[in-house]
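Student: Following this line is work-v4.cif, made up of mmCIF, C-alpha atoms and all ligand atoms:
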data_coords
loop_
_atom_site.group_PDB
_atom_site.id
_atom_site.type_symbol
_atom_site.label_atom_id
_atom_site.label_comp_id
_atom_site.auth_asym_id
_atom_site.auth_seq_id
_atom_site.Cartn_x
_atom_site.Cartn_y
_atom_site.Cartn_z
ATOM 1 C CA MET A 1 -30.789 7.654 81.426
ATOM 2 C CA ALA A 2 -28.497 5.571 83.661
ATOM 3 C CA LEU A 3 -28.367 1.808 83.176
ATOM 4 C CA ASP A 4 -30.019 -0.233 85.936
ATOM 5 C CA LYS A 5 -27.274 -1.725 88.157
ATOM 6 C CA LYS A 6 -29.103 -5.027 88.556
ATOM 7 C CA ASP A 7 -28.812 -5.562 84.793
ATOM 8 C CA LEU A 8 -25.019 -5.312 85.095
ATOM 9 C CA GLU A 9 -24.393 -7.979 87.750
ATOM 10 C CA TYR A 10 -22.379 -10.917 86.427
ATOM 11 C CA GLU A 11 -19.758 -13.260 87.882
ATOM 12 C CA ASN A 12 -17.140 -13.700 85.173
ATOM 13 C CA LEU A 13 -17.776 -10.314 83.594
ATOM 14 C CA ALA A 14 -17.352 -7.010 85.420
ATOM 15 C CA ILE A 15 -19.689 -4.433 83.911
ATOM 16 C CA ARG A 16 -19.819 -0.753 84.674
ATOM 17 C CA GLU A 17 -21.421 2.226 83.044
ATOM 18 C CA HIS A 18 -19.187 4.949 81.678
ATOM 19 C CA GLY A 19 -20.966 8.190 80.922
ATOM 20 C CA ASP A 20 -24.348 7.953 79.303
ATOM 21 C CA GLY A 21 -25.158 4.453 78.062
ATOM 22 C CA VAL A 22 -21.609 3.206 77.457
ATOM 23 C CA ALA A 23 -21.124 -0.182 79.149
ATOM 24 C CA VAL A 24 -17.567 -1.270 79.878
ATOM 25 C CA VAL A 25 -17.659 -5.075 79.822
ATOM 26 C CA THR A 26 -14.494 -6.622 81.256
ATOM 27 C CA LEU A 27 -13.576 -10.303 81.169
ATOM 28 C CA ASN A 28 -12.820 -10.834 84.833
ATOM 29 C CA ARG A 29 -10.733 -13.977 85.268
ATOM 30 C CA PRO A 30 -7.271 -12.392 85.253
ATOM 31 C CA THR A 31 -5.689 -15.265 87.191
ATOM 32 C CA LYS A 32 -6.655 -17.494 84.241
ATOM 33 C CA ARG A 33 -5.667 -14.825 81.716
ATOM 34 C CA ASN A 34 -9.392 -14.402 80.983
ATOM 35 C CA ALA A 35 -9.585 -17.827 79.331
ATOM 36 C CA LEU A 36 -13.094 -18.458 78.063
ATOM 37 C CA ASP A 37 -14.800 -21.177 80.070
ATOM 38 C CA ALA A 38 -18.382 -22.273 79.426
ATOM 39 C CA ALA A 39 -19.757 -20.018 82.179
ATOM 40 C CA THR A 40 -18.146 -16.893 80.684
ATOM 41 C CA ILE A 41 -19.557 -17.692 77.258
ATOM 42 C CA GLU A 42 -23.057 -18.009 78.785
ATOM 43 C CA GLU A 43 -22.646 -14.601 80.423
ATOM 44 C CA LEU A 44 -21.597 -13.090 77.092
ATOM 45 C CA VAL A 45 -24.705 -14.610 75.472
ATOM 46 C CA THR A 46 -26.918 -13.177 78.213
ATOM 47 C CA PHE A 47 -25.402 -9.708 78.203
ATOM 48 C CA PHE A 48 -25.248 -9.253 74.443
ATOM 49 C CA SER A 49 -28.773 -10.669 74.000
ATOM 50 C CA SER A 50 -30.167 -7.931 76.206
ATOM 51 C CA ALA A 51 -27.746 -5.007 75.747
ATOM 52 C CA ARG A 52 -30.008 -2.940 73.492
ATOM 53 C CA GLN A 53 -33.137 -3.575 75.573
ATOM 54 C CA ILE A 54 -31.466 -2.459 78.824
ATOM 55 C CA GLY A 55 -30.413 0.816 77.213
ATOM 56 C CA VAL A 56 -26.775 0.192 76.288
ATOM 57 C CA LYS A 57 -25.733 2.528 73.463
ATOM 58 C CA ALA A 58 -22.180 1.280 73.001
ATOM 59 C CA VAL A 59 -19.885 -1.288 74.610
ATOM 60 C CA VAL A 60 -16.194 -1.241 75.395
ATOM 61 C CA LEU A 61 -15.014 -4.851 75.685
ATOM 62 C CA ALA A 62 -11.847 -5.388 77.709
ATOM 63 C CA GLY A 63 -9.904 -7.887 79.780
ATOM 64 C CA GLU A 64 -8.802 -7.518 83.414
ATOM 65 C CA GLY A 65 -5.065 -7.810 84.041
ATOM 66 C CA GLU A 66 -2.276 -7.772 81.497
ATOM 67 C CA HIS A 67 -3.965 -9.868 78.808
ATOM 68 C CA PHE A 68 -7.191 -9.422 76.895
ATOM 69 C CA CYS A 69 -7.984 -13.114 76.541
ATOM 70 C CA ALA A 70 -6.061 -16.428 76.356
ATOM 71 C CA GLY A 71 -8.794 -18.151 74.335
ATOM 72 C CA LEU A 72 -10.529 -21.421 75.094
ATOM 73 C CA ASP A 73 -10.162 -22.559 78.703
ATOM 74 C CA LEU A 74 -7.846 -25.426 77.875
ATOM 75 C CA VAL A 75 -7.840 -26.770 81.432
ATOM 76 C CA GLU A 76 -11.630 -26.952 81.568
ATOM 77 C CA HIS A 77 -11.627 -28.582 78.146
ATOM 78 C CA TRP A 78 -8.965 -31.107 79.170
ATOM 79 C CA LYS A 79 -10.675 -31.964 82.463
ATOM 80 C CA ALA A 80 -14.113 -32.317 80.863
ATOM 81 C CA ASP A 81 -12.731 -34.792 78.292
ATOM 82 C CA ARG A 82 -15.643 -33.836 76.040
ATOM 83 C CA SER A 83 -17.251 -35.963 73.363
ATOM 84 C CA PRO A 84 -17.313 -34.596 69.778
ATOM 85 C CA GLU A 85 -21.017 -33.856 70.228
ATOM 86 C CA ASP A 86 -20.420 -31.994 73.490
ATOM 87 C CA PHE A 87 -17.697 -29.840 71.955
ATOM 88 C CA MET A 88 -19.817 -29.067 68.914
ATOM 89 C CA HIS A 89 -22.413 -27.681 71.325
ATOM 90 C CA VAL A 90 -19.726 -25.693 73.159
ATOM 91 C CA CYS A 91 -18.800 -24.120 69.821
ATOM 92 C CA LEU A 92 -22.438 -23.365 69.024
ATOM 93 C CA ARG A 93 -22.723 -21.397 72.286
ATOM 94 C CA TRP A 94 -19.596 -19.433 71.289
ATOM 95 C CA HIS A 95 -21.242 -18.706 67.958
ATOM 96 C CA GLU A 96 -24.418 -17.616 69.759
ATOM 97 C CA ALA A 97 -22.428 -15.121 71.841
ATOM 98 C CA PHE A 98 -20.332 -13.797 68.964
ATOM 99 C CA ASN A 99 -23.305 -13.534 66.589
ATOM 100 C CA LYS A 100 -25.229 -11.560 69.215
ATOM 101 C CA MET A 101 -22.245 -9.239 69.280
ATOM 102 C CA GLU A 102 -21.678 -8.821 65.563
ATOM 103 C CA TYR A 103 -25.333 -8.721 64.510
ATOM 104 C CA GLY A 104 -26.885 -7.238 67.664
ATOM 105 C CA GLY A 105 -26.886 -3.631 66.534
ATOM 106 C CA VAL A 106 -24.991 -2.203 69.520
ATOM 107 C CA PRO A 107 -21.505 -0.882 68.625
ATOM 108 C CA ILE A 108 -18.729 -2.821 70.359
ATOM 109 C CA ILE A 109 -15.221 -1.395 70.673
ATOM 110 C CA ALA A 110 -12.606 -3.884 71.879
ATOM 111 C CA ALA A 111 -9.800 -2.451 74.035
ATOM 112 C CA LEU A 112 -6.977 -4.923 73.471
ATOM 113 C CA LYS A 113 -3.766 -5.538 75.399
ATOM 114 C CA GLY A 114 -1.358 -8.408 75.866
ATOM 115 C CA ALA A 115 -2.446 -11.776 74.477
ATOM 116 C CA VAL A 116 -5.356 -11.804 72.049
ATOM 117 C CA VAL A 117 -5.002 -15.432 71.107
ATOM 118 C CA GLY A 118 -7.060 -18.333 69.862
ATOM 119 C CA GLY A 119 -10.618 -17.873 71.047
ATOM 120 C CA GLY A 120 -9.548 -14.477 72.387
ATOM 121 C CA LEU A 121 -8.943 -13.359 68.821
ATOM 122 C CA GLU A 122 -12.265 -14.893 67.810
ATOM 123 C CA LEU A 123 -13.954 -12.868 70.555
ATOM 124 C CA ALA A 124 -12.163 -9.681 69.491
ATOM 125 C CA SER A 125 -13.116 -10.303 65.876
ATOM 126 C CA ALA A 126 -16.807 -10.198 66.791
ATOM 127 C CA ALA A 127 -16.376 -6.571 67.936
ATOM 128 C CA HIS A 128 -16.939 -3.805 65.387
ATOM 129 C CA VAL A 129 -13.827 -1.794 66.193
ATOM 130 C CA ARG A 130 -10.559 -3.057 67.676
ATOM 131 C CA VAL A 131 -8.053 -0.815 69.453
ATOM 132 C CA MET A 132 -4.670 -2.304 70.338
ATOM 133 C CA ASP A 133 -1.784 -0.937 72.391
ATOM 134 C CA GLN A 134 1.962 -1.564 72.272
ATOM 135 C CA THR A 135 1.645 -4.737 74.392
ATOM 136 C CA THR A 136 -1.000 -6.371 72.222
ATOM 137 C CA TYR A 137 -0.189 -9.439 70.177
ATOM 138 C CA PHE A 138 -2.355 -11.740 68.091
ATOM 139 C CA ALA A 139 -1.956 -15.461 67.479
ATOM 140 C CA LEU A 140 -3.878 -18.638 66.748
ATOM 141 C CA PRO A 141 -2.063 -21.286 68.829
ATOM 142 C CA GLU A 142 -4.603 -24.004 67.958
ATOM 143 C CA GLY A 143 -2.214 -25.763 65.586
ATOM 144 C CA GLN A 144 0.378 -26.184 68.338
ATOM 145 C CA ARG A 145 -2.207 -27.338 70.893
ATOM 146 C CA GLY A 146 -3.481 -30.110 68.628
ATOM 147 C CA ILE A 147 -6.882 -28.534 68.192
ATOM 148 C CA PHE A 148 -8.769 -26.330 65.703
ATOM 149 C CA THR A 149 -10.638 -23.054 65.805
ATOM 150 C CA GLY A 150 -14.260 -23.389 66.929
ATOM 151 C CA GLY A 151 -15.399 -19.819 67.512
ATOM 152 C CA SER A 152 -15.605 -18.687 63.870
ATOM 153 C CA ALA A 153 -12.003 -17.656 63.258
ATOM 154 C CA THR A 154 -12.327 -19.388 59.914
ATOM 155 C CA ILE A 155 -14.869 -16.723 59.000
ATOM 156 C CA ARG A 156 -14.082 -13.546 60.942
ATOM 157 C CA VAL A 157 -10.293 -13.732 61.114
ATOM 158 C CA SER A 158 -10.184 -14.690 57.438
ATOM 159 C CA ASP A 159 -12.427 -11.687 56.746
ATOM 160 C CA MET A 160 -9.998 -9.405 58.550
ATOM 161 C CA ILE A 161 -6.694 -10.589 57.131
ATOM 162 C CA GLY A 162 -7.486 -12.994 54.282
ATOM 163 C CA LYS A 163 -7.747 -16.768 54.169
ATOM 164 C CA TYR A 164 -4.072 -17.541 53.566
ATOM 165 C CA ARG A 165 -2.762 -15.307 56.340
ATOM 166 C CA MET A 166 -5.225 -16.951 58.714
ATOM 167 C CA ILE A 167 -4.054 -20.388 57.577
ATOM 168 C CA ASP A 168 -0.434 -19.346 58.151
ATOM 169 C CA MET A 169 -1.283 -18.081 61.671
ATOM 170 C CA ILE A 170 -2.918 -21.334 62.755
ATOM 171 C CA LEU A 171 -0.478 -23.575 60.916
ATOM 172 C CA THR A 172 2.777 -21.992 62.083
ATOM 173 C CA GLY A 173 1.738 -20.141 65.243
ATOM 174 C CA ARG A 174 2.844 -16.842 63.716
ATOM 175 C CA VAL A 175 2.429 -13.843 66.030
ATOM 176 C CA TYR A 176 1.452 -10.383 64.791
ATOM 177 C CA GLN A 177 1.903 -7.199 66.804
ATOM 178 C CA GLY A 178 2.493 -3.467 66.413
ATOM 179 C CA GLN A 179 1.748 -1.431 63.311
ATOM 180 C CA GLU A 180 1.956 -4.545 61.136
ATOM 181 C CA ALA A 181 -1.158 -5.913 62.887
ATOM 182 C CA VAL A 182 -3.044 -2.710 62.042
ATOM 183 C CA ASP A 183 -1.808 -2.741 58.463
ATOM 184 C CA LEU A 184 -3.121 -6.296 58.081
ATOM 185 C CA GLY A 185 -6.533 -5.437 59.563
ATOM 186 C CA LEU A 186 -6.367 -7.169 62.941
ATOM 187 C CA ALA A 187 -7.075 -3.822 64.615
ATOM 188 C CA GLN A 188 -8.150 -0.438 63.296
ATOM 189 C CA TYR A 189 -6.250 1.650 65.889
ATOM 190 C CA ILE A 190 -2.961 1.368 67.761
ATOM 191 C CA THR A 191 -2.211 3.588 70.731
ATOM 192 C CA GLU A 192 1.001 4.684 72.422
ATOM 193 C CA GLY A 193 -0.832 4.775 75.748
ATOM 194 C CA SER A 194 -3.809 2.805 76.985
ATOM 195 C CA SER A 195 -6.112 1.149 74.471
ATOM 196 C CA MET A 196 -8.904 1.612 77.026
ATOM 197 C CA ASP A 197 -8.667 5.419 76.845
ATOM 198 C CA LYS A 198 -8.963 5.371 73.064
ATOM 199 C CA ALA A 199 -11.772 2.798 73.151
ATOM 200 C CA LEU A 200 -13.727 4.928 75.628
ATOM 201 C CA GLU A 201 -13.234 8.003 73.450
ATOM 202 C CA LEU A 202 -14.559 6.112 70.416
ATOM 203 C CA ALA A 203 -17.446 4.602 72.393
ATOM 204 C CA GLU A 204 -18.551 8.014 73.645
ATOM 205 C CA LYS A 205 -18.450 9.299 70.094
ATOM 206 C CA VAL A 206 -20.514 6.479 68.586
ATOM 207 C CA ALA A 207 -22.971 6.514 71.509
ATOM 208 C CA ALA A 208 -23.907 10.024 70.363
ATOM 209 C CA ASN A 209 -25.116 8.668 66.994
ATOM 210 C CA LEU A 210 -28.804 7.903 66.631
ATOM 211 C CA PRO A 211 -29.548 4.369 67.938
ATOM 212 C CA LEU A 212 -31.326 3.296 64.744
ATOM 213 C CA THR A 213 -28.360 4.450 62.671
ATOM 214 C CA ASN A 214 -25.977 2.465 64.885
ATOM 215 C CA PHE A 215 -28.291 -0.530 64.694
ATOM 216 C CA ALA A 216 -28.094 -0.462 60.905
ATOM 217 C CA ILE A 217 -24.303 -0.038 60.906
ATOM 218 C CA CYS A 218 -23.692 -2.792 63.478
ATOM 219 C CA SER A 219 -26.177 -5.308 62.123
ATOM 220 C CA ALA A 220 -27.200 -4.682 58.524
ATOM 221 C CA ILE A 221 -23.673 -4.432 57.102
ATOM 222 C CA SER A 222 -22.774 -7.873 58.490
ATOM 223 C CA HIS A 223 -26.019 -9.396 57.223
ATOM 224 C CA MET A 224 -25.487 -7.848 53.805
ATOM 225 C CA GLN A 225 -22.001 -9.321 53.580
ATOM 226 C CA ASN A 226 -23.676 -12.734 53.690
ATOM 227 C CA MET A 227 -25.857 -11.957 50.650
ATOM 228 C CA SER A 228 -25.184 -11.782 46.950
ATOM 229 C CA GLY A 229 -24.232 -8.299 45.752
ATOM 230 C CA LEU A 230 -27.573 -7.933 44.032
ATOM 231 C CA ASP A 231 -29.578 -8.892 47.128
ATOM 232 C CA ALA A 232 -27.355 -6.848 49.430
ATOM 233 C CA ALA A 233 -27.949 -3.700 47.389
ATOM 234 C CA TYR A 234 -31.681 -4.387 47.466
ATOM 235 C CA ALA A 235 -31.632 -4.917 51.244
ATOM 236 C CA GLU A 236 -29.518 -1.772 51.618
ATOM 237 C CA SER A 237 -32.234 0.279 49.933
ATOM 238 C CA PHE A 238 -34.761 -0.983 52.505
ATOM 239 C CA VAL A 239 -32.484 -0.226 55.453
ATOM 240 C CA ALA A 240 -31.712 3.230 54.040
ATOM 241 C CA GLY A 241 -35.428 3.786 53.464
ATOM 242 C CA ILE A 242 -36.091 3.293 57.161
ATOM 243 C CA VAL A 243 -32.963 4.850 58.672
ATOM 244 C CA ASN A 244 -32.658 7.866 56.383
ATOM 245 C CA THR A 245 -36.255 8.949 56.959
ATOM 246 C CA GLN A 246 -36.305 8.463 60.762
ATOM 247 C CA PRO A 247 -37.832 11.510 62.448
ATOM 248 C CA ALA A 248 -34.837 11.849 64.777
ATOM 249 C CA ALA A 249 -32.568 12.458 61.765
ATOM 250 C CA ARG A 250 -34.462 15.557 60.667
ATOM 251 C CA ALA A 251 -32.877 17.841 63.262
ATOM 252 C CA ARG A 252 -29.399 16.732 62.155
ATOM 253 C CA LEU A 253 -30.231 17.240 58.494
ATOM 254 C CA GLU A 254 -31.718 20.647 59.260
ATOM 255 C CA ALA A 255 -28.551 21.613 61.154
ATOM 256 C CA PHE A 256 -26.532 20.838 58.037
ATOM 257 C CA ALA A 257 -28.951 22.793 55.851
ATOM 258 C CA ASP A 258 -28.888 25.859 58.114
ATOM 259 C CA LYS A 259 -25.051 25.613 58.403
ATOM 260 C CA SER A 260 -25.053 25.129 62.188
ATOM 261 C CA ALA A 261 -23.648 21.592 61.927
ATOM 262 C CA ALA A 262 -19.894 20.988 61.954
ATOM 263 C CA ARG A 263 -18.305 20.441 58.535
ATOM 264 C CA ILE A 264 -16.034 17.506 57.789
ATOM 265 C CA ARG A 265 -12.386 18.654 57.617
ATOM 266 C CA PRO A 266 -9.076 16.815 57.267
ATOM 267 C CA ASN A 267 -7.230 15.945 60.476
ATOM 268 C CA SER A 268 -4.902 18.749 61.487
HETATM 269 C C1 LIG A 301 -5.225 -20.750 81.124
HETATM 270 C C2 LIG A 301 -5.213 -20.394 79.762
HETATM 271 C C3 LIG A 301 -6.109 -21.056 78.904
HETATM 272 C C4 LIG A 301 -3.702 -19.252 80.772
HETATM 273 N N1 LIG A 301 -6.945 -21.959 79.444
HETATM 274 N N2 LIG A 301 -6.080 -21.655 81.599
HETATM 275 N N3 LIG A 301 -4.991 -20.589 74.159
HETATM 276 C C5 LIG A 301 -3.674 -20.711 74.254
HETATM 277 O O1 LIG A 301 -3.063 -21.647 73.746
HETATM 278 C C6 LIG A 301 -2.974 -19.682 75.092
HETATM 279 C C7 LIG A 301 -2.602 -20.293 76.399
HETATM 280 N N4 LIG A 301 -2.030 -19.329 77.369
HETATM 281 C C8 LIG A 301 -0.794 -18.812 77.228
HETATM 282 O O2 LIG A 301 -0.084 -19.017 76.246
HETATM 283 C C9 LIG A 301 -0.305 -17.942 78.349
HETATM 284 O O3 LIG A 301 -1.032 -18.310 79.527
HETATM 285 C C10 LIG A 301 -0.469 -16.430 78.115
HETATM 286 C C11 LIG A 301 0.534 -15.982 77.065
HETATM 287 C C12 LIG A 301 -1.877 -16.032 77.717
HETATM 288 C C13 LIG A 301 -0.144 -15.703 79.456
HETATM 289 O O4 LIG A 301 1.119 -16.127 79.931
HETATM 290 P P1 LIG A 301 1.487 -15.906 81.466
HETATM 291 O O5 LIG A 301 2.913 -16.344 81.665
HETATM 292 O O6 LIG A 301 1.137 -14.537 81.893
HETATM 293 O O7 LIG A 301 0.478 -16.859 82.306
HETATM 294 P P2 LIG A 301 0.569 -18.443 82.587
HETATM 295 O O8 LIG A 301 1.509 -18.688 83.728
HETATM 296 O O9 LIG A 301 0.785 -19.220 81.359
HETATM 297 O O10 LIG A 301 -0.921 -18.751 83.085
HETATM 298 C C14 LIG A 301 -1.440 -18.181 84.284
HETATM 299 C C15 LIG A 301 -2.652 -19.002 84.656
HETATM 300 O O11 LIG A 301 -3.636 -18.849 83.639
HETATM 301 C C16 LIG A 301 -2.363 -20.500 84.756
HETATM 302 O O12 LIG A 301 -3.256 -21.021 85.698
HETATM 303 P P3 LIG A 301 -2.734 -21.518 87.166
HETATM 304 O O13 LIG A 301 -3.996 -22.019 87.818
HETATM 305 O O14 LIG A 301 -1.695 -22.542 86.914
HETATM 306 O O15 LIG A 301 -2.188 -20.262 87.831
HETATM 307 C C17 LIG A 301 -2.757 -20.992 83.383
HETATM 308 O O16 LIG A 301 -3.110 -22.348 83.363
HETATM 309 C C18 LIG A 301 -3.982 -20.136 83.135
HETATM 310 N N5 LIG A 301 -4.285 -20.021 81.710
HETATM 311 N N6 LIG A 301 -4.240 -19.479 79.567
HETATM 312 C C19 LIG A 301 -6.909 -22.235 80.761
HETATM 313 N N7 LIG A 301 -6.200 -20.766 77.600
HETATM 314 C C20 LIG A 301 -13.570 -22.629 70.473
HETATM 315 S S1 LIG A 301 -12.073 -23.218 70.049
HETATM 316 C C21 LIG A 301 -10.918 -22.015 70.495
HETATM 317 C C22 LIG A 301 -9.554 -22.648 70.536
HETATM 318 C C23 LIG A 301 -8.547 -21.815 71.289
HETATM 319 O O17 LIG A 301 -8.833 -20.820 71.861
HETATM 320 S S2 LIG A 301 -6.986 -22.459 71.307
HETATM 321 C C24 LIG A 301 -6.024 -21.260 72.077
HETATM 322 C C25 LIG A 301 -5.882 -21.561 73.533
#
Can the structure from this file be put into structure tokens for me?
Ligand code: 1HE

Tutor:
Amino acid sequence: MALDKKDLEYENLAIREHGDGVAVVTLNRPTKRNALDAATIEELVTFFSSARQIGVKAVVLAGEGEHFCAGLDLVEHWKADRSPEDFMHVCLRWHEAFNKMEYGGVPIIAALKGAVVGGGLELASAAHVRVMDQTTYFALPEGQRGIFTGGSATIRVSDMIGKYRMIDMILTGRVYQGQEAVDLGLAQYITEGSSMDKALELAEKVAANLPLTNFAICSAISHMQNMSGLDAAYAESFVAGIVNTQPAARARLEAFADKSAARIRPNS
């Protein structure tokens, strides 16, 4: 079923449907290198709060122009001359958006290019899968700008590459790119051509999974990481109890049993 166009109308995001239920969500402030101002964060909160309910099965998250995202809108921040309390609330809205993404249950594939820096890396790190191309580079310029991360880099970027690499990135402004970035865990895929093409291919593939299965993968795993091992295993048994007995899974299990389902083979 096609997504309703009125659900996809935003100002700082351009959203289109690709195929059946895949929403391509593009940060659409290329003249500002897709810097994240307060209005864009509110649109991310709104979209990712409702994505599942409006029928989105998977999201490709991208940036218009040559760069994915230049991070916090430094000009807005400078002009607003915010109080500590005001900026804490700015950060809490970022967290709201990124938590809706990570825990929302809808698979998000980030198609990265150019700068993925500061808050742009925080945004990318809230996606479930990251695809980079040959132009993509990652950095945390906060140290040089006299500021600090506020969009959960301390958690998600540390998760991806380890605490001390994250500290080095923000302390020294170190830039990662190419295969090294994949080897470290900043992205799972690197493409010779367009990261968008690969992200769309992956999104189409995951959109064909059962929605409840994707919900568990793109919500429960993150929640379980926040628990003790003992509690996570207990919670896992509940999630598996529900997901692995869903009626919609029976046809897929039957196809395996009757040998009509594809077998898993090594890549040729
Ligand atoms: C911006 C921003 C921005 C560009 N906020 N306006 N992030 C950074 O420290 C990265 C800052 N940006 C850059 O280093 C470069 O702009 C890029 C490498 C991303 C792109 O370079 P380039 O040569 O293509 O573009 P440019 O000429 O630097 O910028 C073009 C326009 O985008 C210009 O605006 P204009 O009105 O003068 O044309 C820039 O001002 C604007 N622009 N980046 C606002 N970030 C919750 S805490 C998170 C903390 C952080 O994210 S810190 C990291 C901030």

Student: Got a sec to check which residues lie within 10 Å of ligand LIG 301 (chain A), using all atoms listed in the file, and send them as a ChimeraX atom specification?

Tutor: /A:29-37,65-78,87-88,90-95,114-123,137,139-153,170,173

Student: Any chance you could export the current selection's C-alpha atoms as a PDB file, in the frame of the given file?

Tutor:
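Generated file (result.pdb):
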ATOM      1  CA  ARG A  29     -10.733 -13.977  85.268  1.00  0.00           C
ATOM      2  CA  PRO A  30      -7.271 -12.392  85.253  1.00  0.00           C
ATOM      3  CA  THR A  31      -5.689 -15.265  87.191  1.00  0.00           C
ATOM      4  CA  LYS A  32      -6.655 -17.494  84.241  1.00  0.00           C
ATOM      5  CA  ARG A  33      -5.667 -14.825  81.716  1.00  0.00           C
ATOM      6  CA  ASN A  34      -9.392 -14.402  80.983  1.00  0.00           C
ATOM      7  CA  ALA A  35      -9.585 -17.827  79.331  1.00  0.00           C
ATOM      8  CA  LEU A  36     -13.094 -18.458  78.063  1.00  0.00           C
ATOM      9  CA  ASP A  37     -14.800 -21.177  80.070  1.00  0.00           C
ATOM     10  CA  GLY A  65      -5.065  -7.810  84.041  1.00  0.00           C
ATOM     11  CA  GLU A  66      -2.276  -7.772  81.497  1.00  0.00           C
ATOM     12  CA  HIS A  67      -3.965  -9.868  78.808  1.00  0.00           C
ATOM     13  CA  PHE A  68      -7.191  -9.422  76.895  1.00  0.00           C
ATOM     14  CA  CYS A  69      -7.984 -13.114  76.541  1.00  0.00           C
ATOM     15  CA  ALA A  70      -6.061 -16.428  76.356  1.00  0.00           C
ATOM     16  CA  GLY A  71      -8.794 -18.151  74.335  1.00  0.00           C
ATOM     17  CA  LEU A  72     -10.529 -21.421  75.094  1.00  0.00           C
ATOM     18  CA  ASP A  73     -10.162 -22.559  78.703  1.00  0.00           C
ATOM     19  CA  LEU A  74      -7.846 -25.426  77.875  1.00  0.00           C
ATOM     20  CA  VAL A  75      -7.840 -26.770  81.432  1.00  0.00           C
ATOM     21  CA  GLU A  76     -11.630 -26.952  81.568  1.00  0.00           C
ATOM     22  CA  HIS A  77     -11.627 -28.582  78.146  1.00  0.00           C
ATOM     23  CA  TRP A  78      -8.965 -31.107  79.170  1.00  0.00           C
ATOM     24  CA  PHE A  87     -17.697 -29.840  71.955  1.00  0.00           C
ATOM     25  CA  MET A  88     -19.817 -29.067  68.914  1.00  0.00           C
ATOM     26  CA  VAL A  90     -19.726 -25.693  73.159  1.00  0.00           C
ATOM     27  CA  CYS A  91     -18.800 -24.120  69.821  1.00  0.00           C
ATOM     28  CA  LEU A  92     -22.438 -23.365  69.024  1.00  0.00           C
ATOM     29  CA  ARG A  93     -22.723 -21.397  72.286  1.00  0.00           C
ATOM     30  CA  TRP A  94     -19.596 -19.433  71.289  1.00  0.00           C
ATOM     31  CA  HIS A  95     -21.242 -18.706  67.958  1.00  0.00           C
ATOM     32  CA  GLY A 114      -1.358  -8.408  75.866  1.00  0.00           C
ATOM     33  CA  ALA A 115      -2.446 -11.776  74.477  1.00  0.00           C
ATOM     34  CA  VAL A 116      -5.356 -11.804  72.049  1.00  0.00           C
ATOM     35  CA  VAL A 117      -5.002 -15.432  71.107  1.00  0.00           C
ATOM     36  CA  GLY A 118      -7.060 -18.333  69.862  1.00  0.00           C
ATOM     37  CA  GLY A 119     -10.618 -17.873  71.047  1.00  0.00           C
ATOM     38  CA  GLY A 120      -9.548 -14.477  72.387  1.00  0.00           C
ATOM     39  CA  LEU A 121      -8.943 -13.359  68.821  1.00  0.00           C
ATOM     40  CA  GLU A 122     -12.265 -14.893  67.810  1.00  0.00           C
ATOM     41  CA  LEU A 123     -13.954 -12.868  70.555  1.00  0.00           C
ATOM     42  CA  TYR A 137      -0.189  -9.439  70.177  1.00  0.00           C
ATOM     43  CA  ALA A 139      -1.956 -15.461  67.479  1.00  0.00           C
ATOM     44  CA  LEU A 140      -3.878 -18.638  66.748  1.00  0.00           C
ATOM     45  CA  PRO A 141      -2.063 -21.286  68.829  1.00  0.00           C
ATOM     46  CA  GLU A 142      -4.603 -24.004  67.958  1.00  0.00           C
ATOM     47  CA  GLY A 143      -2.214 -25.763  65.586  1.00  0.00           C
ATOM     48  CA  GLN A 144       0.378 -26.184  68.338  1.00  0.00           C
ATOM     49  CA  ARG A 145      -2.207 -27.338  70.893  1.00  0.00           C
ATOM     50  CA  GLY A 146      -3.481 -30.110  68.628  1.00  0.00           C
ATOM     51  CA  ILE A 147      -6.882 -28.534  68.192  1.00  0.00           C
ATOM     52  CA  PHE A 148      -8.769 -26.330  65.703  1.00  0.00           C
ATOM     53  CA  THR A 149     -10.638 -23.054  65.805  1.00  0.00           C
ATOM     54  CA  GLY A 150     -14.260 -23.389  66.929  1.00  0.00           C
ATOM     55  CA  GLY A 151     -15.399 -19.819  67.512  1.00  0.00           C
ATOM     56  CA  SER A 152     -15.605 -18.687  63.870  1.00  0.00           C
ATOM     57  CA  ALA A 153     -12.003 -17.656  63.258  1.00  0.00           C
ATOM     58  CA  ILE A 170      -2.918 -21.334  62.755  1.00  0.00           C
ATOM     59  CA  GLY A 173       1.738 -20.141  65.243  1.00  0.00           C
TER      60      GLY A 173
END

Student: May I ask for the distance between CA of Met166 (chain A) and CA of Gln188 (chain A), given in Å to one decimal place?

Tutor: 17.4 Å

Student: Measuring atom to atom with only C-alpha atoms, identify which of A:Val243, A:Ser49, A:Leu202, A:Arg130 is nearest to Val106 (chain A).

Tutor: A:Ser49

Student: With 5 Å added on each side, what axis-aligned box encloses every listed atom of region 102-119 of chain A? Give the centre and edge lengths in Å to one decimal, as AutoDock Vina command-line options.

Tutor:
--center_x -14.1 --center_y -9.6 --center_z 70.2 --size_x 35.5 --size_y 27.5 --size_z 21.4

Student: Just to confirm, what's the straight-line distance from CA of Ile264 (chain A) to CA of Val129 (chain A) in Å (one decimal)?

Tutor: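 CA of Val129 (chain A) lies 21.2 Å from CA of Ile264 (chain A).
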
Student: May I have the residues within 12 Å of region 248-260 of chain A as a PyMOL selection string, using all atoms listed in the file and disregarding those fewer than 2 positions away in the same chain?

Tutor: chain A and resi 208-213+242-246+262-264

Student: I would like the residues chosen by the PyMOL selection byres (((chain A and resi 159) around 12) and not hetatm) on the shown file; could you give them as a PyMOL selection string?

Tutor: chain A and resi 122+125-126+152-158+160-166+184-186+222+225-226

Student: Residues at most 10 Å from Ile108 (chain A), counting all atoms listed in the file, excluding those fewer than 4 positions away in the same chain, as an MDAnalysis selection string?

Tutor: chainID A and resid 22:25 57:61 101:102 104 124 126:130 199 202:203 206 218
